[in-house]
Structures are given as C-alpha cells and as structure tokens.
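Below: the structure, in structure tokens.
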Amino acid sequence: MYEKCLSAGLKKIQEYKPVTDEKRVAVMVASHNEDTVKYTVEKMQEYGIEREDKVVCFGQLLGMCDHISFPLGQSGYSVYKYVPYGPVDEVLPYLSRRAQENRGVITKIKKEKNLLFSEIRRRVKSGQVLYDPLKAIN
C-alpha cells in the first residue's frame with residue numbers, strides 16, 4: 001500500500017514537472033525501510049525525477065538508519081533527520097511505536113556499527129582520517 005501511494009505521488013511529480021511552480025508536487029519519504037528507499041530511488045530514475053529537482057526528500061529519526069541517510073545526502077538527495085520533541089509521557093510512546101515498527105532495529109544498529117568501524121579502518125589505512133566525501137564527488 002505504501003509503495004502504491006508513493007508511486008502515485010511520484011507520477012504526479014512527473015506529470016507536473018514541465019509545468020510552472022504553481023502545480024509543483026513534493027513528496028517526503030518518511031521511512032526507515034531500506035527497500036522502500038531503494039524503491040523510491042529506482043522509481044525516481046524511471047520517472048525522470050532528478051535529485052536536483054528537490055521534490056523528493058527522505059526523512060528518518062535521528063540515530064536510526066544513518067547507513068541509509070548519509071549516503072543519500074552525500075549523493076545529492078534531500079535528507080532530513082528529525083528529533084521528536086515534547087513531554088516525555090508523549091514522546092516515549094511515539095518512540096516505542098517506531099521501535100516496534102522497526103523490529104529489526106538491533107540488526108540495523110549492528111549493521112551501522114560494522115559499517116562505521118569499516119569506514120574508520122579504511123580512513124586510517126588510507127590516511128584519510130579527515131575525509132570530506134563532498135570533495136570526492138566534485
């Protein structure tokens with residue numbers, strides 16, 4: 001269902017792309033699901049939606065799925081990390097629901113930890129401790 005709605009939004013973006021800003025559509029893909037993010041990127045390519053168009057952005061909780069959001073941002077996609085704010089008795093149930101939705105969060109955390117350690121080792125071995133990925137793109 002999520003992918004069906006997402007596809008409909010992306011098709012509208014494609015439809016209105018040649019039209020003026022008055023009919024501009026934008027989509028926020030708020031997902032911690034790797035497959036959903038991959039699906040979105042593939043559909044953007046299929047529909048001719050460029051990252052530079054800034055009409056599709058990705059959003060995730062700060063500290064979750066950084067192994068997805070950092071490469072997306074470094075590749076030029078719009079990525080937002082959000083922090084829930086409010087009284088503890090309202091924020092904790094929200095965070096609990098997000099954790100339940102992402103049952104594989106422990107696996108994801110282990111994956112992120114392994115990726116971080118691999119990157120640290122790579123940088124130390126190559127002498128790029130202060131590596132700037134944006135300079136590597138340009």
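Letters A, B, ... mark the chains of the structure tokens in the order given; residue numbers begin at 1 per chain; ligand numbers begin at 1, in order shown.
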
(request) Would you list the contacts of segment 75-83 of chain A as a list in words, taking every protein, DNA or RNA residue within 7 Å and counting only C-alpha atoms, but skipping same-chain residues closer than 5 positions in sequence? (result)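 So the residues in contact are Arg51, Lys54, Cys57, Phe58, Gly59, Gln60, Leu61, Leu62 and Ser69 of chain A.
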
Take the selection from the previous step and output its residues with all heavy atoms, as a PDB file, in the first residue's frame.
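Dumped to out27.pdb:
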```pdb
ATOM      1  N   ARG A  51      17.517  14.270  -8.607  1.00  0.00           N
ATOM      2  CA  ARG A  51      17.732  14.688  -7.205  1.00  0.00           C
ATOM      3  C   ARG A  51      17.757  16.195  -7.092  1.00  0.00           C
ATOM      4  O   ARG A  51      17.297  16.764  -6.113  1.00  0.00           O
ATOM      5  CB  ARG A  51      19.051  14.202  -6.626  1.00  0.00           C
ATOM      6  CG  ARG A  51      19.595  13.003  -7.152  1.00  0.00           C
ATOM      7  CD  ARG A  51      21.035  12.759  -6.811  1.00  0.00           C
ATOM      8  NE  ARG A  51      21.453  11.945  -7.928  1.00  0.00           N
ATOM      9  CZ  ARG A  51      22.399  11.086  -7.926  1.00  0.00           C
ATOM     10  NH1 ARG A  51      23.121  10.937  -6.869  1.00  0.00           N
ATOM     11  NH2 ARG A  51      22.673  10.378  -8.963  1.00  0.00           N
ATOM     12  N   LYS A  54      14.754  18.492  -6.198  1.00  0.00           N
ATOM     13  CA  LYS A  54      14.417  18.715  -4.779  1.00  0.00           C
ATOM     14  C   LYS A  54      12.921  18.592  -4.513  1.00  0.00           C
ATOM     15  O   LYS A  54      12.355  19.346  -3.730  1.00  0.00           O
ATOM     16  CB  LYS A  54      14.941  20.076  -4.298  1.00  0.00           C
ATOM     17  CG  LYS A  54      16.426  20.271  -4.441  1.00  0.00           C
ATOM     18  CD  LYS A  54      17.189  19.328  -3.544  1.00  0.00           C
ATOM     19  CE  LYS A  54      18.697  19.589  -3.641  1.00  0.00           C
ATOM     20  NZ  LYS A  54      19.480  18.568  -3.022  1.00  0.00           N
ATOM     21  N   CYS A  57      12.137  14.062  -0.892  1.00  0.00           N
ATOM     22  CA  CYS A  57      13.115  14.064   0.197  1.00  0.00           C
ATOM     23  C   CYS A  57      12.852  12.867   1.102  1.00  0.00           C
ATOM     24  O   CYS A  57      11.768  12.289   1.092  1.00  0.00           O
ATOM     25  CB  CYS A  57      13.095  15.374   0.965  1.00  0.00           C
ATOM     26  SG  CYS A  57      11.508  15.826   1.616  1.00  0.00           S
ATOM     27  N   PHE A  58      13.865  12.499   1.833  1.00  0.00           N
ATOM     28  CA  PHE A  58      13.815  11.342   2.713  1.00  0.00           C
ATOM     29  C   PHE A  58      13.920  11.821   4.151  1.00  0.00           C
ATOM     30  O   PHE A  58      14.709  12.716   4.444  1.00  0.00           O
ATOM     31  CB  PHE A  58      14.962  10.378   2.382  1.00  0.00           C
ATOM     32  CG  PHE A  58      14.895   9.841   0.983  1.00  0.00           C
ATOM     33  CD1 PHE A  58      15.483  10.534  -0.069  1.00  0.00           C
ATOM     34  CD2 PHE A  58      14.221   8.662   0.711  1.00  0.00           C
ATOM     35  CE1 PHE A  58      15.407  10.046  -1.370  1.00  0.00           C
ATOM     36  CE2 PHE A  58      14.144   8.176  -0.588  1.00  0.00           C
ATOM     37  CZ  PHE A  58      14.737   8.871  -1.627  1.00  0.00           C
ATOM     38  N   GLY A  59      13.133  11.225   5.045  1.00  0.00           N
ATOM     39  CA  GLY A  59      13.161  11.619   6.444  1.00  0.00           C
ATOM     40  C   GLY A  59      13.209  10.419   7.358  1.00  0.00           C
ATOM     41  O   GLY A  59      12.528   9.424   7.122  1.00  0.00           O
ATOM     42  N   GLN A  60      14.053  10.532   8.382  1.00  0.00           N
ATOM     43  CA  GLN A  60      14.208   9.454   9.350  1.00  0.00           C
ATOM     44  C   GLN A  60      14.527  10.037  10.725  1.00  0.00           C
ATOM     45  O   GLN A  60      15.033  11.148  10.827  1.00  0.00           O
ATOM     46  CB  GLN A  60      15.338   8.515   8.921  1.00  0.00           C
ATOM     47  CG  GLN A  60      15.037   7.786   7.650  1.00  0.00           C
ATOM     48  CD  GLN A  60      16.260   7.537   6.802  1.00  0.00           C
ATOM     49  OE1 GLN A  60      17.307   8.106   7.024  1.00  0.00           O
ATOM     50  NE2 GLN A  60      16.106   6.700   5.805  1.00  0.00           N
ATOM     51  N   LEU A  61      14.231   9.257  11.743  1.00  0.00           N
ATOM     52  CA  LEU A  61      14.578   9.646  13.102  1.00  0.00           C
ATOM     53  C   LEU A  61      16.090   9.774  13.239  1.00  0.00           C
ATOM     54  O   LEU A  61      16.833   8.941  12.708  1.00  0.00           O
ATOM     55  CB  LEU A  61      14.116   8.580  14.092  1.00  0.00           C
ATOM     56  CG  LEU A  61      12.761   8.733  14.728  1.00  0.00           C
ATOM     57  CD1 LEU A  61      12.360   7.448  15.430  1.00  0.00           C
ATOM     58  CD2 LEU A  61      12.731   9.889  15.686  1.00  0.00           C
ATOM     59  N   LEU A  62      16.522  10.790  13.934  1.00  0.00           N
ATOM     60  CA  LEU A  62      17.946  10.963  14.202  1.00  0.00           C
ATOM     61  C   LEU A  62      18.478   9.735  14.938  1.00  0.00           C
ATOM     62  O   LEU A  62      17.874   9.284  15.915  1.00  0.00           O
ATOM     63  CB  LEU A  62      18.164  12.219  15.052  1.00  0.00           C
ATOM     64  CG  LEU A  62      19.610  12.568  15.371  1.00  0.00           C
ATOM     65  CD1 LEU A  62      20.368  12.894  14.094  1.00  0.00           C
ATOM     66  CD2 LEU A  62      19.670  13.740  16.327  1.00  0.00           C
ATOM     67  N   SER A  69      20.707   7.175   5.286  1.00  0.00           N
ATOM     68  CA  SER A  69      20.559   8.606   5.053  1.00  0.00           C
ATOM     69  C   SER A  69      21.869   9.314   4.699  1.00  0.00           C
ATOM     70  O   SER A  69      21.866  10.219   3.866  1.00  0.00           O
ATOM     71  CB  SER A  69      19.883   9.317   6.226  1.00  0.00           C
ATOM     72  OG  SER A  69      20.070   8.695   7.439  1.00  0.00           O
TER      73      SER A  69
END
```

(message) From a backbone DSSP assignment, name each residue in chain A labelled strand (DSSP E), as a list in words.
(response)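 Those in chain A that DSSP calls strand (DSSP E) are Val27, Met28, Val29, Ala30, Val56, Cys57, Phe58, Gly59, Gln60, Leu61, Ser78, Val79, Tyr80, Lys81 and Tyr82 of chain A.
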
(request) Find the residues near Ile13 of chain A: any atom within 9 Å, counting only C-alpha atoms, skip ones fewer than 3 places away on the same chain, and give them as a ChimeraX atom specification. (result) /A:8-10,16-17,24-27,47,49,55-56

(message) Quick one: residues within 12 Å of His67 of chain A, only C-alpha atoms, excluding same-chain residues fewer than 5 positions away - as an NGL selection string?
(response) :A and (32-34 or 37 or 60 or 62 or 72-74 or 108-116 or 119)

(request) Measuring atom to atom with only C-alpha atoms, identify which of A:Val124, A:Val88, A:Met44, A:Met64 is nearest to Ala30 of chain A. (result)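 Answer, going by the shortest atom-to-atom distance: A:Met64.
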
(request) as number ranges by chain, please: all residues of chain A that backbone DSSP puts in helix (DSSP H, G or I). (result) A: 2-16, 21-23, 34-46, 51-53, 66-74, 88-101, 105-126, 133-137
